[in-house]
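The data block below is model_7.json; it holds JSON, C-alpha atoms and all ligand atoms.
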[["chain", "number", "residue", "atom", "x", "y", "z"],
["A", 730, "MET", "CA", -118.33, 26.66, 61.05],
["A", 731, "SER", "CA", -115.50, 29.12, 61.49],
["A", 732, "ALA", "CA", -111.76, 28.87, 61.82],
["A", 733, "PRO", "CA", -108.69, 30.90, 61.08],
["A", 734, "SER", "CA", -107.36, 30.12, 57.57],
["A", 735, "GLY", "CA", -105.04, 27.16, 57.65],
["A", 736, "ALA", "CA", -106.79, 25.52, 60.61],
["A", 737, "GLY", "CA", -107.99, 22.72, 58.33],
["A", 738, "LYS", "CA", -111.60, 23.78, 58.09],
["A", 739, "SER", "CA", -112.04, 23.06, 54.35],
["A", 740, "THR", "CA", -110.71, 19.51, 54.74],
["A", 741, "ILE", "CA", -112.93, 18.90, 57.75],
["A", 742, "CYS", "CA", -115.97, 20.27, 55.86],
["A", 743, "GLU", "CA", -115.27, 18.05, 52.85],
["A", 744, "GLN", "CA", -114.94, 14.89, 54.92],
["A", 745, "VAL", "CA", -117.96, 15.62, 57.09],
["A", 746, "LEU", "CA", -120.20, 16.34, 54.07],
["A", 747, "ARG", "CA", -119.59, 12.83, 52.73],
["A", 748, "ASP", "CA", -121.35, 11.33, 55.77],
["A", 749, "PHE", "CA", -124.42, 13.56, 55.89],
["A", 750, "ASN", "CA", -126.51, 13.44, 52.75],
["A", 751, "LYS", "CA", -129.04, 15.96, 54.04],
["A", 752, "LEU", "CA", -126.30, 18.48, 54.71],
["A", 753, "LYS", "CA", -125.38, 20.82, 51.91],
["A", 754, "PHE", "CA", -122.35, 23.10, 51.64],
["A", 755, "SER", "CA", -123.15, 26.77, 51.18],
["A", 756, "VAL", "CA", -121.06, 28.00, 48.26],
["A", 757, "SER", "CA", -120.13, 31.58, 49.15],
["A", 758, "TYR", "CA", -119.34, 34.47, 46.87],
["A", 759, "THR", "CA", -115.95, 36.14, 47.09],
["A", 760, "THR", "CA", -113.98, 38.88, 45.41],
["A", 761, "ARG", "CA", -110.62, 37.27, 46.14],
["A", 762, "GLN", "CA", -108.43, 35.59, 43.51],
["A", 763, "VAL", "CA", -108.94, 31.92, 42.67],
["A", 764, "ARG", "CA", -106.46, 29.85, 44.72],
["A", 765, "GLY", "CA", -104.80, 26.65, 43.46],
["A", 766, "ALA", "CA", -107.28, 24.20, 41.93],
["A", 767, "GLU", "CA", -110.40, 26.02, 43.13],
["A", 768, "LYS", "CA", -113.36, 26.00, 40.76],
["A", 769, "ASP", "CA", -115.92, 28.72, 40.22],
["A", 770, "GLY", "CA", -119.34, 27.58, 41.43],
["A", 771, "ILE", "CA", -117.89, 24.75, 43.53],
["A", 772, "ASP", "CA", -115.48, 26.31, 46.01],
["A", 773, "TYR", "CA", -116.80, 29.84, 45.60],
["A", 774, "PHE", "CA", -118.60, 32.00, 43.11],
["A", 775, "PHE", "CA", -115.82, 34.39, 42.14],
["A", 776, "ILE", "CA", -117.12, 37.89, 41.39],
["A", 777, "THR", "CA", -115.73, 41.43, 41.14],
["A", 778, "ALA", "CA", -115.86, 43.95, 44.00],
["A", 779, "ASP", "CA", -118.14, 46.05, 41.81],
["A", 780, "ALA", "CA", -120.62, 43.22, 41.37],
["A", 781, "PHE", "CA", -120.43, 42.43, 45.10],
["A", 782, "GLU", "CA", -121.18, 46.02, 46.10],
["A", 783, "LYS", "CA", -124.16, 46.15, 43.73],
["A", 784, "LYS", "CA", -125.54, 43.05, 45.44],
["A", 785, "ILE", "CA", -125.24, 44.83, 48.82],
["A", 786, "GLU", "CA", -127.54, 47.51, 47.43],
["A", 787, "THR", "CA", -130.07, 45.02, 46.08],
["A", 788, "GLY", "CA", -130.28, 43.07, 49.37],
["A", 789, "PHE", "CA", -128.84, 39.89, 47.87],
["A", 790, "TRP", "CA", -126.83, 38.88, 50.96],
["A", 791, "LEU", "CA", -127.98, 36.91, 53.98],
["A", 792, "GLU", "CA", -124.68, 37.97, 55.52],
["A", 793, "TRP", "CA", -121.45, 39.37, 54.22],
["A", 794, "ALA", "CA", -118.08, 40.50, 55.56],
["A", 795, "LYS", "CA", -114.78, 41.89, 54.43],
["A", 796, "VAL", "CA", -112.03, 39.42, 55.33],
["A", 797, "HIS", "CA", -108.33, 40.04, 54.50],
["A", 798, "ASP", "CA", -109.33, 42.94, 52.19],
["A", 799, "ASN", "CA", -111.78, 40.86, 50.15],
["A", 800, "TYR", "CA", -115.54, 40.58, 50.30],
["A", 801, "TYR", "CA", -117.21, 37.29, 51.19],
["A", 802, "GLY", "CA", -120.94, 36.70, 51.28],
["A", 803, "THR", "CA", -123.80, 34.21, 51.46],
["A", 804, "SER", "CA", -126.74, 34.49, 49.11],
["A", 805, "ILE", "CA", -130.21, 34.54, 50.67],
["A", 806, "ASP", "CA", -131.67, 32.67, 47.68],
["A", 807, "TYR", "CA", -129.13, 29.84, 47.88],
["A", 808, "ILE", "CA", -129.91, 29.26, 51.56],
["A", 809, "ASN", "CA", -133.69, 29.53, 51.20],
["A", 810, "GLU", "CA", -133.79, 27.20, 48.23],
["A", 811, "ASN", "CA", -131.85, 24.51, 50.08],
["A", 812, "LEU", "CA", -133.76, 24.95, 53.35],
["A", 813, "ASN", "CA", -137.02, 24.64, 51.39],
["A", 814, "ASN", "CA", -135.71, 21.41, 49.87],
["A", 815, "GLY", "CA", -135.19, 19.95, 53.33],
["A", 816, "PHE", "CA", -131.42, 20.35, 53.62],
["A", 817, "SER", "CA", -129.40, 21.53, 56.56],
["A", 818, "ILE", "CA", -126.67, 23.88, 55.44],
["A", 819, "LEU", "CA", -123.01, 23.96, 56.31],
["A", 820, "LEU", "CA", -121.62, 27.48, 56.17],
["A", 821, "ASP", "CA", -117.88, 28.04, 56.18],
["A", 822, "ILE", "CA", -117.77, 31.68, 57.28],
["A", 823, "ASP", "CA", -115.79, 34.10, 59.39],
["A", 824, "VAL", "CA", -116.77, 35.24, 62.89],
["A", 825, "GLU", "CA", -118.54, 38.41, 61.67],
["A", 826, "GLY", "CA", -120.62, 36.30, 59.31],
["A", 827, "ALA", "CA", -121.43, 33.77, 62.03],
["A", 828, "ILE", "CA", -122.69, 36.57, 64.29],
["A", 829, "GLN", "CA", -125.03, 37.76, 61.51],
["A", 830, "ILE", "CA", -126.28, 34.21, 60.90],
["A", 831, "LEU", "CA", -126.92, 33.67, 64.63],
["A", 832, "GLU", "CA", -129.01, 36.85, 64.72],
["A", 833, "LYS", "CA", -131.18, 35.53, 61.88],
["A", 834, "TYR", "CA", -131.13, 31.84, 62.79],
["A", 835, "PRO", "CA", -130.54, 31.60, 66.57],
["A", 836, "GLU", "CA", -130.97, 27.81, 66.39],
["A", 837, "SER", "CA", -127.81, 27.49, 64.24],
["A", 838, "VAL", "CA", -125.16, 25.08, 65.45],
["A", 839, "THR", "CA", -121.85, 26.93, 65.68],
["A", 840, "ILE", "CA", -118.47, 25.20, 65.60],
["A", 841, "PHE", "CA", -115.07, 26.88, 65.85],
["A", 842, "ILE", "CA", -112.07, 24.93, 64.55],
["A", 843, "MET", "CA", -108.90, 25.83, 66.45],
["A", 844, "PRO", "CA", -105.40, 25.37, 65.07],
["A", 845, "PRO", "CA", -103.10, 23.63, 67.59],
["A", 846, "ASP", "CA", -100.97, 26.80, 67.89],
["A", 847, "MET", "CA", -99.92, 29.88, 65.93],
["A", 848, "THR", "CA", -96.50, 28.52, 64.90],
["A", 849, "GLU", "CA", -98.12, 25.44, 63.42],
["A", 850, "LEU", "CA", -100.75, 27.62, 61.71],
["A", 851, "ARG", "CA", -98.06, 29.77, 60.08],
["A", 852, "GLU", "CA", -96.21, 26.65, 58.92],
["A", 853, "ARG", "CA", -99.39, 25.21, 57.39],
["A", 854, "LEU", "CA", -100.06, 28.43, 55.49],
["A", 855, "ILE", "CA", -96.48, 28.51, 54.17],
["A", 856, "LYS", "CA", -96.64, 24.82, 53.20],
["A", 857, "ARG", "CA", -99.92, 25.35, 51.36],
["A", 858, "GLY", "CA", -97.87, 27.58, 49.05],
["A", 859, "THR", "CA", -100.84, 29.55, 47.78],
["A", 860, "ASP", "CA", -100.30, 32.87, 49.57],
["A", 861, "SER", "CA", -97.52, 35.45, 49.68],
["A", 862, "ILE", "CA", -95.76, 36.09, 53.01],
["A", 863, "ASP", "CA", -97.59, 39.41, 53.16],
["A", 864, "THR", "CA", -100.95, 37.68, 52.85],
["A", 865, "ILE", "CA", -99.91, 35.03, 55.37],
["A", 866, "ASP", "CA", -99.01, 37.74, 57.90],
["A", 867, "LYS", "CA", -102.43, 39.31, 57.36],
["A", 868, "ARG", "CA", -104.13, 35.93, 57.85],
["A", 869, "ILE", "CA", -102.17, 35.28, 61.08],
["A", 870, "LYS", "CA", -103.19, 38.66, 62.47],
["A", 871, "ASN", "CA", -106.79, 37.97, 61.56],
["A", 872, "ALA", "CA", -106.53, 34.51, 63.16],
["A", 873, "GLU", "CA", -105.64, 36.09, 66.51],
["A", 874, "THR", "CA", -108.70, 38.35, 66.34],
["A", 875, "GLU", "CA", -110.94, 35.41, 65.43],
["A", 876, "ILE", "CA", -109.57, 33.12, 68.15],
["A", 877, "ALA", "CA", -110.31, 35.84, 70.70],
["A", 878, "LYS", "CA", -114.01, 35.43, 69.81],
["A", 879, "LYS", "CA", -114.14, 31.64, 69.88],
["A", 880, "ASP", "CA", -116.35, 31.55, 72.98],
["A", 881, "LEU", "CA", -119.28, 32.82, 70.91],
["A", 882, "TYR", "CA", -119.41, 29.31, 69.44],
["A", 883, "LYS", "CA", -121.29, 26.38, 70.92],
["A", 884, "TYR", "CA", -118.50, 23.92, 70.09],
["A", 885, "ILE", "CA", -114.73, 24.28, 69.83],
["A", 886, "VAL", "CA", -112.81, 21.55, 68.00],
["A", 887, "VAL", "CA", -109.01, 21.61, 68.19],
["A", 888, "ASN", "CA", -107.45, 20.31, 65.01],
["A", 889, "ASP", "CA", -104.15, 18.86, 66.14],
["A", 890, "ASP", "CA", -105.03, 15.53, 64.58],
["A", 891, "LEU", "CA", -107.16, 15.69, 61.42],
["A", 892, "ASP", "CA", -108.94, 12.33, 61.81],
["A", 893, "ALA", "CA", -109.82, 13.08, 65.42],
["A", 894, "ALA", "CA", -111.10, 16.56, 64.50],
["A", 895, "VAL", "CA", -113.22, 15.10, 61.66],
["A", 896, "ASN", "CA", -114.69, 12.47, 63.99],
["A", 897, "GLU", "CA", -115.44, 15.01, 66.68],
["A", 898, "THR", "CA", -117.20, 17.26, 64.15],
["A", 899, "LYS", "CA", -119.19, 14.31, 62.80],
["A", 900, "SER", "CA", -120.33, 13.37, 66.26],
["A", 901, "ILE", "CA", -121.43, 16.96, 66.97],
["A", 902, "LEU", "CA", -123.45, 17.01, 63.74],
["A", 903, "GLY", "CA", -124.84, 13.54, 64.36],
["A", 904, "LYS", "CA", -126.19, 14.78, 67.66],
["A", 905, "GLU", "CA", -127.41, 18.18, 66.43],
["A", 906, "LEU", "CA", -128.91, 17.28, 63.05],
["A", 907, "LEU", "CA", -131.61, 14.97, 64.29],
["B", 1, "LIG", "P1", -110.43, 31.83, 52.31],
["B", 1, "LIG", "O1", -110.04, 33.01, 51.49],
["B", 1, "LIG", "O2", -109.28, 31.26, 53.08],
["B", 1, "LIG", "O3", -111.18, 30.80, 51.50],
["B", 1, "LIG", "O4", -111.47, 32.32, 53.38],
["B", 1, "LIG", "C1", -111.14, 33.38, 54.23],
["B", 1, "LIG", "C2", -112.19, 33.54, 55.30],
["B", 1, "LIG", "O5", -113.45, 33.93, 54.74],
["B", 1, "LIG", "C3", -112.47, 32.25, 56.07],
["B", 1, "LIG", "O6", -112.50, 32.57, 57.45],
["B", 1, "LIG", "C4", -113.83, 31.83, 55.59],
["B", 1, "LIG", "O7", -114.54, 31.10, 56.57],
["B", 1, "LIG", "C5", -114.46, 33.18, 55.34],
["B", 1, "LIG", "N1", -115.62, 33.09, 54.45],
["B", 1, "LIG", "C6", -115.78, 32.28, 53.37],
["B", 1, "LIG", "N2", -116.99, 32.46, 52.83],
["B", 1, "LIG", "C7", -117.62, 33.38, 53.60],
["B", 1, "LIG", "C8", -118.93, 33.98, 53.55],
["B", 1, "LIG", "O8", -119.77, 33.71, 52.71],
["B", 1, "LIG", "N3", -119.21, 34.90, 54.51],
["B", 1, "LIG", "C9", -118.32, 35.25, 55.48],
["B", 1, "LIG", "N4", -118.72, 36.13, 56.37],
["B", 1, "LIG", "N5", -117.10, 34.71, 55.54],
["B", 1, "LIG", "C10", -116.75, 33.79, 54.62]]

Let me see the structure of the file written as structure tokens.
Amino acid sequence: MSAPSGAGKSTICEQVLRDFNKLKFSVSYTTRQVRGAEKDGIDYFFITADAFEKKIETGFWLEWAKVHDNYYGTSIDYINENLNNGFSILLDIDVEGAIQILEKYPESVTIFIMPPDMTELRERLIKRGTDSIDTIDKRIKNAETEIAKKDLYKYIVVNDDLDAAVNETKSILGKELL
């Protein structure tokens, strides 16, 4: 699943995961700062850029990307362990990451969550109160680049109403995760 930041993807992921007990969230690694009430090991594994780069050398990543000046990556071991235990895995990753995953797992189900419009997206990011205006501007710019690639995804869900977007995502997964 991909979406520009502020499109409501984390909330949708959280709500969807409650209904699918064989679906597990992939906890990514990142070098960005902890935001708000985020917890290490639950929202992300927070590591240094140095540690991240070492893991590039040792082939630790299934996929990785640099988003808004920070590294983000998915561990091969985490995914393999959960796949071997019979879980499907929900990845919350950017477009570059999704392209890498599709190359390795062409059967992946891809969903792009769209914000209703850019003005609303900017307002959501400001309201969230966790990023500076500078960072928000960077995220908006990145959002435009990501939205331009939305047709790479099998499904596009527009989040103008959270409950409707959650239900639509659940029905996609209900159909795909047979
Ligand atoms: P945020 O900093 O807002 O949590 O996430 C920023 C962006 O990084 C989002 O688009 C999110 O989907 C993406 N992201 C989070 N984890 C990963 C990951 O493991 N790999 C990739 N490629 N992107 C990720």

- prompt: Which residues come within 8 Å of stretch 783-796 of chain A, counting only C-alpha atoms, excluding same-chain residues fewer than 4 positions away, as a PyMOL selection string?
  reply: chain A and resi 779+800-806+823+825-826+829-830

- request: Mind checking which residues fall within 9 Å of stretch 742-754 of chain A, counting all atoms listed in the file, ignoring those fewer than 4 positions away in the same chain, and posting them as a VMD selection string?
  value: chain A and resid 730 737 to 738 811 815 to 821 895 to 896 898 to 899 902 to 903 906

Keeping C-alpha atoms, export the residues of the selection given above as a PDB file, in the frame of the given file.
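File produced: part-v7.pdb:
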ATOM      1  CA  MET A 730    -118.330  26.660  61.050  1.00  0.00           C
ATOM      2  CA  GLY A 737    -107.990  22.720  58.330  1.00  0.00           C
ATOM      3  CA  LYS A 738    -111.600  23.780  58.090  1.00  0.00           C
ATOM      4  CA  ASN A 811    -131.850  24.510  50.080  1.00  0.00           C
ATOM      5  CA  GLY A 815    -135.190  19.950  53.330  1.00  0.00           C
ATOM      6  CA  PHE A 816    -131.420  20.350  53.620  1.00  0.00           C
ATOM      7  CA  SER A 817    -129.400  21.530  56.560  1.00  0.00           C
ATOM      8  CA  ILE A 818    -126.670  23.880  55.440  1.00  0.00           C
ATOM      9  CA  LEU A 819    -123.010  23.960  56.310  1.00  0.00           C
ATOM     10  CA  LEU A 820    -121.620  27.480  56.170  1.00  0.00           C
ATOM     11  CA  ASP A 821    -117.880  28.040  56.180  1.00  0.00           C
ATOM     12  CA  VAL A 895    -113.220  15.100  61.660  1.00  0.00           C
ATOM     13  CA  ASN A 896    -114.690  12.470  63.990  1.00  0.00           C
ATOM     14  CA  THR A 898    -117.200  17.260  64.150  1.00  0.00           C
ATOM     15  CA  LYS A 899    -119.190  14.310  62.800  1.00  0.00           C
ATOM     16  CA  LEU A 902    -123.450  17.010  63.740  1.00  0.00           C
ATOM     17  CA  GLY A 903    -124.840  13.540  64.360  1.00  0.00           C
ATOM     18  CA  LEU A 906    -128.910  17.280  63.050  1.00  0.00           C
TER      19      LEU A 906
END

- prompt: Nearest to ligand LIG 1 (chain B): which of A:Ile862, A:Ala732, A:Ile741, A:Met843 is it, counting all atoms listed in the file?
  reply: A:Ala732

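Minimum distance to A:Ile855 across A:Ala877, A:Leu907, A:Ala827, A:Ile869 (counting all atoms listed in the file) occurs at A:Ile869.
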
- prompt: Could you pull the residues within 12 Å of A:Gln762, counting all atoms listed in the file, minus those fewer than 4 positions along the same chain, as number ranges by chain?
  reply: A: 758, 766-769, 772-778, 797-801, 859-860

Draw an axis-aligned box tight on the listed atoms of ligand LIG 1 (chain B), then pad every side by 3 Å and write out centre and edge lengths in Å to one decimal as AutoDock Vina command-line options.
--center_x -114.5 --center_y 33.5 --center_z 54.5 --size_x 16.5 --size_y 11.3 --size_z 12.0

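Here the question is which of A:Leu812, A:Ala736, A:Val887, A:Ala894 gets nearest to A:Thr848 using all atoms listed in the file, and that residue is A:Ala736.
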
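Ranking A:Asn888, A:Thr759, A:Thr740, A:Asn813 by their shortest atom-to-atom distance to ligand LIG 1 (chain B), with all atoms listed in the file included, puts A:Thr759 first.
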
query: In Å to one decimal, how far is atom CA of A:Gly735 from atom CA of A:Leu854?
result: 5.6 Å
